[in-house]
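Down below is the structure, laid out as structure tokens.
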Amino acid sequence: MRNLHCALVLCITTGLFAHQAALAGDLEEGRKLYDAKEYARARPVLEKAAQFSPMDWQTHYYLANTNLALGRMAAAKYEYELCIRSTSNAAVKAKCQEGISRADKHSTQVRAAAPSSSSSSSSNSKSDDTKLTDAQVAANLRKDEIMKHAREAVAKVKQEAKDQLEHEKANANEFWQYPDGRMGTDLSEDRKEEIHHEAEEKCRKIMREAEIRARSVVGH
């Protein structure tokens, strides 16, 4: 039984190290491409990193900046909002708010960028442009709605994982000695990591499916 327990711990640990290495590699590559202003190439790499770890604020921050540089304002706002939710760093949150303001300002300018014209042909052309812009705005709103529901689902998964940890801790029958010398019932670190890992997997699946649905929304 002890050998089986050790084997399970080794398997979980090896998987976590591989997961962390993949995240670090994609994030580093994405950051290098972003710094080189290779935004179109950086985006899919950073999106992959975000799928590996949807709660890593650095990934969301660089992906938001990349989307902003590419003119993908709805996607940029979404990533900035995720970054804000994923970090307690006040300076980072302030940067994200600046990015959201820039995205909002750009969207407002696009909606207002259809001036009237005295010529009929020019007026018709502008009208078509306005319709296209309205359709794009509607598509972005639909994308935002899809991602909002996904964020709510992710928040629910995180809360359920937290509740599960508290419940299992309260009903644990193993005694542990804490660093300060206190004794108490608690879960093993392996079990805590298992619960956390399961929640991460569920969150990744929710966000992955939402992103697929959001990308299928096209403004005509």
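Identifiers in this document derive from the order of the structure tokens: chains are assigned A, B, ..., residues are numbered from 1 separately in each chain, and ligands are numbered from 1 in order of occurrence.
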Might you pull out every residue within 12 Å of Ser216 in chain A, with only C-alpha atoms counted and same-chain residues fewer than 2 positions away left off, and present them as a PyMOL selection string?
chain A and resi 139-140+142-143+146+209-214+218-219
Restricting the output to C-alpha atoms, write the selected residues as a tab-separated table (two decimals), in the first residue's frame.
chain	number	residue	atom	x	y	z
A	139	ALA	CA	-21.16	40.34	-32.46
A	140	ASN	CA	-18.78	41.68	-29.82
A	142	ARG	CA	-22.59	38.36	-28.05
A	143	LYS	CA	-18.97	37.29	-27.52
A	146	ILE	CA	-20.62	34.05	-23.91
A	209	GLU	CA	-15.45	25.66	-25.07
A	210	ALA	CA	-16.53	29.28	-24.52
A	211	GLU	CA	-13.66	30.57	-26.65
A	212	ILE	CA	-14.64	28.21	-29.47
A	213	ARG	CA	-18.23	29.46	-29.32
A	214	ALA	CA	-17.09	33.09	-29.16
A	218	VAL	CA	-19.13	36.71	-36.79
A	219	GLY	CA	-20.53	40.19	-37.46
Can you work out which one of A:Ala42, A:Asn67, A:His106, A:Trp57 has the shortest atom-to-atom distance to Asn89 in chain A, counting only C-alpha atoms?
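Answer, going by the shortest atom-to-atom distance: A:Trp57.
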I'd like the interatomic distance between CA of His167 in chain A and CA of Glu194 in chain A, to a tenth of an Å.
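These atoms are spaced 14.8 Å apart.
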From the list A:Ala76, A:Thr108, A:Leu82, A:Ala138, the nearest residue to Glu152 in chain A using only C-alpha atoms is A:Leu82
Determine which residues of range 30-206 of chain A DSSP labels as helix (DSSP H, G or I) from the backbone of this structure, then write them out as a VMD selection string.
chain A and resid 30 to 35 39 to 52 57 to 69 73 to 86 90 to 111 120 to 170 189 to 206
What is the distance between CA of Ala103 in chain A and CA of Arg72 in chain A, in Å to one decimal?
8.5 Å
Selection near Lys192 in chain A, 10 Å with only C-alpha atoms, sequence-local residues under 4 positions removed, as a list in words:
Ala161, Lys162, Gln164, Leu165, Glu168, Lys169, Asp186, Leu187, Ser188, His196 and His197 of chain A
Those residues with C-alpha atoms, as a PDB file, in the first residue's frame please?
ATOM      1  CA  ALA A 161     -13.495  23.439  -4.949  1.00  0.00           C
ATOM      2  CA  LYS A 162     -13.007  25.768  -1.972  1.00  0.00           C
ATOM      3  CA  GLN A 164     -14.960  20.832  -0.957  1.00  0.00           C
ATOM      4  CA  LEU A 165     -11.601  21.558   0.654  1.00  0.00           C
ATOM      5  CA  GLU A 168     -13.085  17.411   3.649  1.00  0.00           C
ATOM      6  CA  LYS A 169     -10.815  19.248   6.073  1.00  0.00           C
ATOM      7  CA  ASP A 186      -6.222  18.339   7.940  1.00  0.00           C
ATOM      8  CA  LEU A 187      -5.959  17.016   4.399  1.00  0.00           C
ATOM      9  CA  SER A 188      -2.715  15.858   2.895  1.00  0.00           C
ATOM     10  CA  HIS A 196      -7.101  22.102  -7.071  1.00  0.00           C
ATOM     11  CA  HIS A 197      -5.969  20.264 -10.203  1.00  0.00           C
TER      12      HIS A 197
END
Identify, on the basis of only C-alpha atoms, every residue whose closest approach to Leu68 in chain A does not exceed 10 Å; exclude the query and any residue fewer than 3 positions from it along the same chain; express the result as a PyMOL selection string.
chain A and resi 39+62-65+71-77+79-80+99-100+102-103+106
Writing out the chosen residues with C-alpha atoms as an mmCIF file, in the first residue's frame:
data_model
loop_
_atom_site.group_PDB
_atom_site.id
_atom_site.type_symbol
_atom_site.label_atom_id
_atom_site.label_comp_id
_atom_site.auth_asym_id
_atom_site.auth_seq_id
_atom_site.Cartn_x
_atom_site.Cartn_y
_atom_site.Cartn_z
ATOM 1 C CA TYR A 39 1.532 40.159 -32.307
ATOM 2 C CA TYR A 62 0.201 39.676 -22.216
ATOM 3 C CA LEU A 63 -2.674 38.164 -24.184
ATOM 4 C CA ALA A 64 -4.770 41.262 -23.444
ATOM 5 C CA ASN A 65 -1.973 43.562 -24.626
ATOM 6 C CA GLY A 71 -7.345 45.761 -32.651
ATOM 7 C CA ARG A 72 -9.321 42.920 -31.057
ATOM 8 C CA MET A 73 -10.933 45.149 -28.442
ATOM 9 C CA ALA A 74 -13.577 42.770 -27.054
ATOM 10 C CA ALA A 75 -10.982 40.032 -26.609
ATOM 11 C CA ALA A 76 -8.551 42.512 -25.016
ATOM 12 C CA LYS A 77 -11.181 43.671 -22.488
ATOM 13 C CA GLU A 79 -8.370 39.183 -20.946
ATOM 14 C CA TYR A 80 -7.795 42.344 -18.892
ATOM 15 C CA GLY A 99 -6.150 48.861 -21.150
ATOM 16 C CA ILE A 100 -9.912 48.477 -20.706
ATOM 17 C CA ARG A 102 -8.311 52.273 -24.225
ATOM 18 C CA ALA A 103 -10.411 49.448 -25.660
ATOM 19 C CA HIS A 106 -11.491 52.755 -29.473
#
